[in-house]
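Heads up, run32.cif below (mmCIF, C-alpha atoms):
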data_query
#
loop_
_atom_site.label_atom_id
_atom_site.label_comp_id
_atom_site.auth_asym_id
_atom_site.auth_seq_id
_atom_site.Cartn_x
_atom_site.Cartn_y
_atom_site.Cartn_z
CA MET P 1 9.93 -8.79 4.71
CA PHE P 2 6.83 -7.54 6.51
CA ILE P 3 4.76 -4.47 5.72
CA HIS P 4 2.78 -2.51 8.33
CA TYR P 5 -0.05 -0.17 7.35
CA THR P 6 -3.27 1.39 8.58
CA CYS P 7 -6.08 -0.28 6.71
CA MET P 8 -9.54 1.04 5.90
CA ASP P 9 -12.09 -1.57 4.88
CA THR P 10 -15.20 -1.10 2.75
CA ILE P 11 -17.42 -0.28 5.74
CA GLY P 12 -15.05 2.34 7.15
CA ASP P 13 -13.37 0.32 9.91
CA GLU P 14 -9.77 1.36 10.50
CA ARG P 15 -7.18 -1.13 11.76
CA ASP P 16 -3.42 -1.51 11.75
CA GLU P 17 -2.28 -4.61 9.88
CA LEU P 18 0.97 -6.46 9.44
CA ALA P 19 1.45 -8.70 6.42
CA THR P 20 4.14 -10.49 4.48
CA PHE P 21 5.17 -8.22 1.63
CA TYR P 22 5.37 -9.95 -1.76
CA GLY P 23 5.41 -6.95 -4.07
CA ILE P 24 3.67 -3.88 -5.40
CA ARG P 25 2.32 -2.90 -8.81
CA TYR P 26 0.56 0.09 -10.29
CA ASN P 27 -2.66 -0.20 -12.24
CA ARG P 28 -4.16 2.19 -14.75
CA ASN P 29 -7.05 3.01 -12.38
CA GLY P 30 -4.80 5.14 -10.16
CA PHE P 31 -3.91 2.62 -7.46
CA ALA P 32 -0.84 0.84 -6.27
CA VAL P 33 -1.77 -2.74 -5.35
CA LEU P 34 0.10 -4.46 -2.51
CA SER P 35 0.68 -8.20 -2.83
CA THR P 36 0.52 -10.04 0.51
CA GLU P 37 -0.30 -13.50 1.81
CA HIS P 38 -3.97 -12.50 2.12
CA ASN P 39 -5.45 -14.33 -0.86
CA ALA P 40 -9.03 -13.05 -0.56
CA HIS P 41 -8.20 -9.32 -0.55
CA ASP P 42 -6.34 -6.68 -2.52
CA TYR P 43 -4.77 -3.74 -0.71
CA LEU P 44 -5.07 -0.50 -2.66
CA LEU P 45 -3.17 2.76 -2.24
CA PRO P 46 -4.67 5.61 -4.29
CA MET P 47 -1.86 7.58 -5.89
CA ARG P 48 -0.65 9.07 -9.11
CA ASP P 49 2.08 7.54 -11.25
CA GLU P 50 4.77 9.96 -10.01
CA GLU P 51 3.97 9.09 -6.37
CA PHE P 52 4.16 5.39 -7.21
CA LYS P 53 7.66 5.85 -8.63
CA LYS P 54 8.73 7.52 -5.35
CA VAL P 55 7.22 4.71 -3.25
CA LEU P 56 8.88 2.11 -5.46
CA ILE P 57 12.29 3.74 -4.89
CA GLU P 58 11.68 3.85 -1.11
CA LEU P 59 10.69 0.16 -1.04
CA THR P 60 13.68 -0.82 -3.18
CA ASP P 61 16.02 1.06 -0.83
CA ALA P 62 14.49 -0.69 2.21
CA ILE P 63 14.99 -4.09 0.54
CA LYS P 64 18.60 -3.25 -0.36
CA LYS P 65 19.26 -2.31 3.29
CA GLY P 66 17.90 -5.69 4.43
CA SER P 67 14.95 -4.27 6.37
CA ASN P 68 12.71 -6.87 7.97
CA ILE P 69 9.75 -4.50 8.15
CA VAL P 70 8.58 -1.36 6.38
CA TYR P 71 5.83 1.03 7.40
CA VAL P 72 3.40 2.70 4.99
CA THR P 73 2.66 6.17 6.37
CA ASN P 74 0.77 9.33 5.32
CA GLY P 75 -2.32 7.59 3.98
CA TYR P 76 -4.73 4.69 4.30
CA VAL P 77 -4.40 1.36 2.57
CA TYR P 78 -7.85 0.21 1.41
CA ARG P 79 -8.80 -3.46 1.76
CA VAL P 80 -11.18 -4.73 -0.94
CA ARG P 81 -12.19 -8.15 -2.23
CA ARG P 82 -9.62 -9.49 -4.68
CA GLY P 83 -10.25 -7.99 -8.10
CA ALA P 84 -12.57 -5.22 -6.83
CA MET P 85 -11.81 -1.56 -7.48
CA LEU P 86 -12.58 1.63 -5.66
CA PRO P 87 -13.80 4.70 -7.52
CA PHE P 88 -10.79 6.92 -8.13
CA ASP P 89 -11.13 10.37 -6.63
CA GLY P 90 -8.13 12.59 -7.30
CA ASN P 91 -8.87 14.41 -4.02
CA THR P 92 -8.21 11.29 -1.92
CA VAL P 93 -4.80 10.53 -3.38
CA GLY P 94 -2.34 9.75 -0.61
CA LYS P 95 1.15 11.16 -0.24
CA TYR P 96 2.53 7.86 1.00
CA VAL P 97 5.94 7.51 2.58
CA ILE P 98 7.72 4.20 3.21
CA LYS P 99 9.75 4.13 6.42
CA THR P 100 11.90 1.48 8.05
CA GLU P 101 11.29 2.94 11.52
CA LEU P 102 8.37 4.72 13.12
#

Would it be possible to restate this file's structure as structure tokens?
Amino acid sequence: MFIHYTCMDTIGDERDELATFYGIRYNRNGFAVLSTEHNAHDYLLPMRDEEFKKVLIELTDAIKKGSNIVYVTNGYVYRVRRGAMLPFDGNTVGKYVIKTEL
């Protein structure tokens, strides 16, 4: 399955990206971390635990339906070097929505 998102890098450049989706996890720093084929970068989505649970349900539903692509909407995905973290600012938490169509 592929995942499409609008990515913000560390210097503020914004680009749409398409990647192979391998999984998602939540870390204690307030970010969901997307796993993709990009080995040099982590893709971070700032969110609270309750938002992560909602996103996880949406992704699971898309997988069950056999979707070939999902879209991350309503917030930026931040590209950082693998293992790097962003400072968590509760004001920048996204209200992400996973869609199978735009």

Exercise for review: Work out how far apart atom CA of P:Ile57 and atom CA of P:Thr10 are and give it in Å to one decimal.
Suggested key: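 If I compute the distance from atom CA of P:Ile57 to atom CA of P:Thr10, I get 28.9 Å.
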
**Study point:** Result set of the PyMOL selection byres ((chain P and resi 79) around 8) on the coordinates above, as a PyMOL selection string
**Key:** chain P and resi 7-10+41-44+77-78+80-81

Save the residues we just selected, C-alpha atoms, as an mmCIF file, in the frame of the given file?
data_model
loop_
_atom_site.group_PDB
_atom_site.id
_atom_site.type_symbol
_atom_site.label_atom_id
_atom_site.label_comp_id
_atom_site.auth_asym_id
_atom_site.auth_seq_id
_atom_site.Cartn_x
_atom_site.Cartn_y
_atom_site.Cartn_z
ATOM 1 C CA CYS P 7 -6.080 -0.280 6.710
ATOM 2 C CA MET P 8 -9.540 1.040 5.900
ATOM 3 C CA ASP P 9 -12.090 -1.570 4.880
ATOM 4 C CA THR P 10 -15.200 -1.100 2.750
ATOM 5 C CA HIS P 41 -8.200 -9.320 -0.550
ATOM 6 C CA ASP P 42 -6.340 -6.680 -2.520
ATOM 7 C CA TYR P 43 -4.770 -3.740 -0.710
ATOM 8 C CA LEU P 44 -5.070 -0.500 -2.660
ATOM 9 C CA VAL P 77 -4.400 1.360 2.570
ATOM 10 C CA TYR P 78 -7.850 0.210 1.410
ATOM 11 C CA VAL P 80 -11.180 -4.730 -0.940
ATOM 12 C CA ARG P 81 -12.190 -8.150 -2.230
#

**Study point:** Resolved residues for the PyMOL selection byres ((chain P and resi 13-21) around 8) as a PyMOL selection string
**Key:** chain P and resi 1-12+22-23+34-38

Could you turn the residues from that selection into a file that holds C-alpha atoms, as a PDB file, keeping the file's coordinate frame?
ATOM      1  CA  MET P   1       9.930  -8.790   4.710  1.00  0.00           C
ATOM      2  CA  PHE P   2       6.830  -7.540   6.510  1.00  0.00           C
ATOM      3  CA  ILE P   3       4.760  -4.470   5.720  1.00  0.00           C
ATOM      4  CA  HIS P   4       2.780  -2.510   8.330  1.00  0.00           C
ATOM      5  CA  TYR P   5      -0.050  -0.170   7.350  1.00  0.00           C
ATOM      6  CA  THR P   6      -3.270   1.390   8.580  1.00  0.00           C
ATOM      7  CA  CYS P   7      -6.080  -0.280   6.710  1.00  0.00           C
ATOM      8  CA  MET P   8      -9.540   1.040   5.900  1.00  0.00           C
ATOM      9  CA  ASP P   9     -12.090  -1.570   4.880  1.00  0.00           C
ATOM     10  CA  THR P  10     -15.200  -1.100   2.750  1.00  0.00           C
ATOM     11  CA  ILE P  11     -17.420  -0.280   5.740  1.00  0.00           C
ATOM     12  CA  GLY P  12     -15.050   2.340   7.150  1.00  0.00           C
ATOM     13  CA  TYR P  22       5.370  -9.950  -1.760  1.00  0.00           C
ATOM     14  CA  GLY P  23       5.410  -6.950  -4.070  1.00  0.00           C
ATOM     15  CA  LEU P  34       0.100  -4.460  -2.510  1.00  0.00           C
ATOM     16  CA  SER P  35       0.680  -8.200  -2.830  1.00  0.00           C
ATOM     17  CA  THR P  36       0.520 -10.040   0.510  1.00  0.00           C
ATOM     18  CA  GLU P  37      -0.300 -13.500   1.810  1.00  0.00           C
ATOM     19  CA  HIS P  38      -3.970 -12.500   2.120  1.00  0.00           C
TER      20      HIS P  38
END

Review point. Which one is closest to P:Ile98: P:Glu58, P:Ile63, P:Ile69, P:Arg25? Count all atoms listed in the file.
Key: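 Closest to P:Ile98, using all atoms listed in the file: P:Glu58.
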
Check your understanding: So what do you get for atom CA of P:Thr100 versus atom CA of P:Ala84, distance-wise?
Key ->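 If I compute the distance from atom CA of P:Thr100 to atom CA of P:Ala84, I get 29.4 Å.
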
Check your understanding: For P:Arg28, which residue out of P:Tyr76, P:Tyr71, P:Tyr96, P:Phe52 is the nearest one, using all atoms listed in the file?
Key ->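 Of P:Tyr76, P:Tyr71, P:Tyr96, P:Phe52, the one nearest P:Arg28 is P:Phe52, counting all atoms listed in the file.
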
Review point. Which is closest to P:Leu59 among P:Leu102, P:Val33, P:Val72, P:Leu86, if we use all atoms listed in the file?
Key: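 For P:Leu59, the nearest of the given residues is P:Val72.
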
Point to revise | P:Val97 environment, 7 Å, all atoms listed in the file, sequence neighbours closer than 4 positions dropped, as a PyMOL selection string | key: chain P and resi 55+72-74

Practice item. Provide the atom CA of P:Lys64 to atom CA of P:Pro46 distance in Å, to one decimal place. Key: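 A separation of 25.2 Å between them.
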
Point to revise | Nearest to P:Tyr26, chosen from P:Lys95, P:Lys65, P:Arg82, P:Lys53, with only C-alpha atoms counted in the distances | key: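 The closest residue to P:Tyr26 is P:Lys53.
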
Around all the atoms of stretch 21-31 of chain P listed in the file, with 8 Å of room on each side, what axis-aligned box do you get, giving centre and edge lengths in Å to one decimal, as AutoDock Vina command-line options?
--center_x -0.8 --center_y -2.4 --center_z -6.6 --size_x 28.5 --size_y 31.1 --size_z 32.4
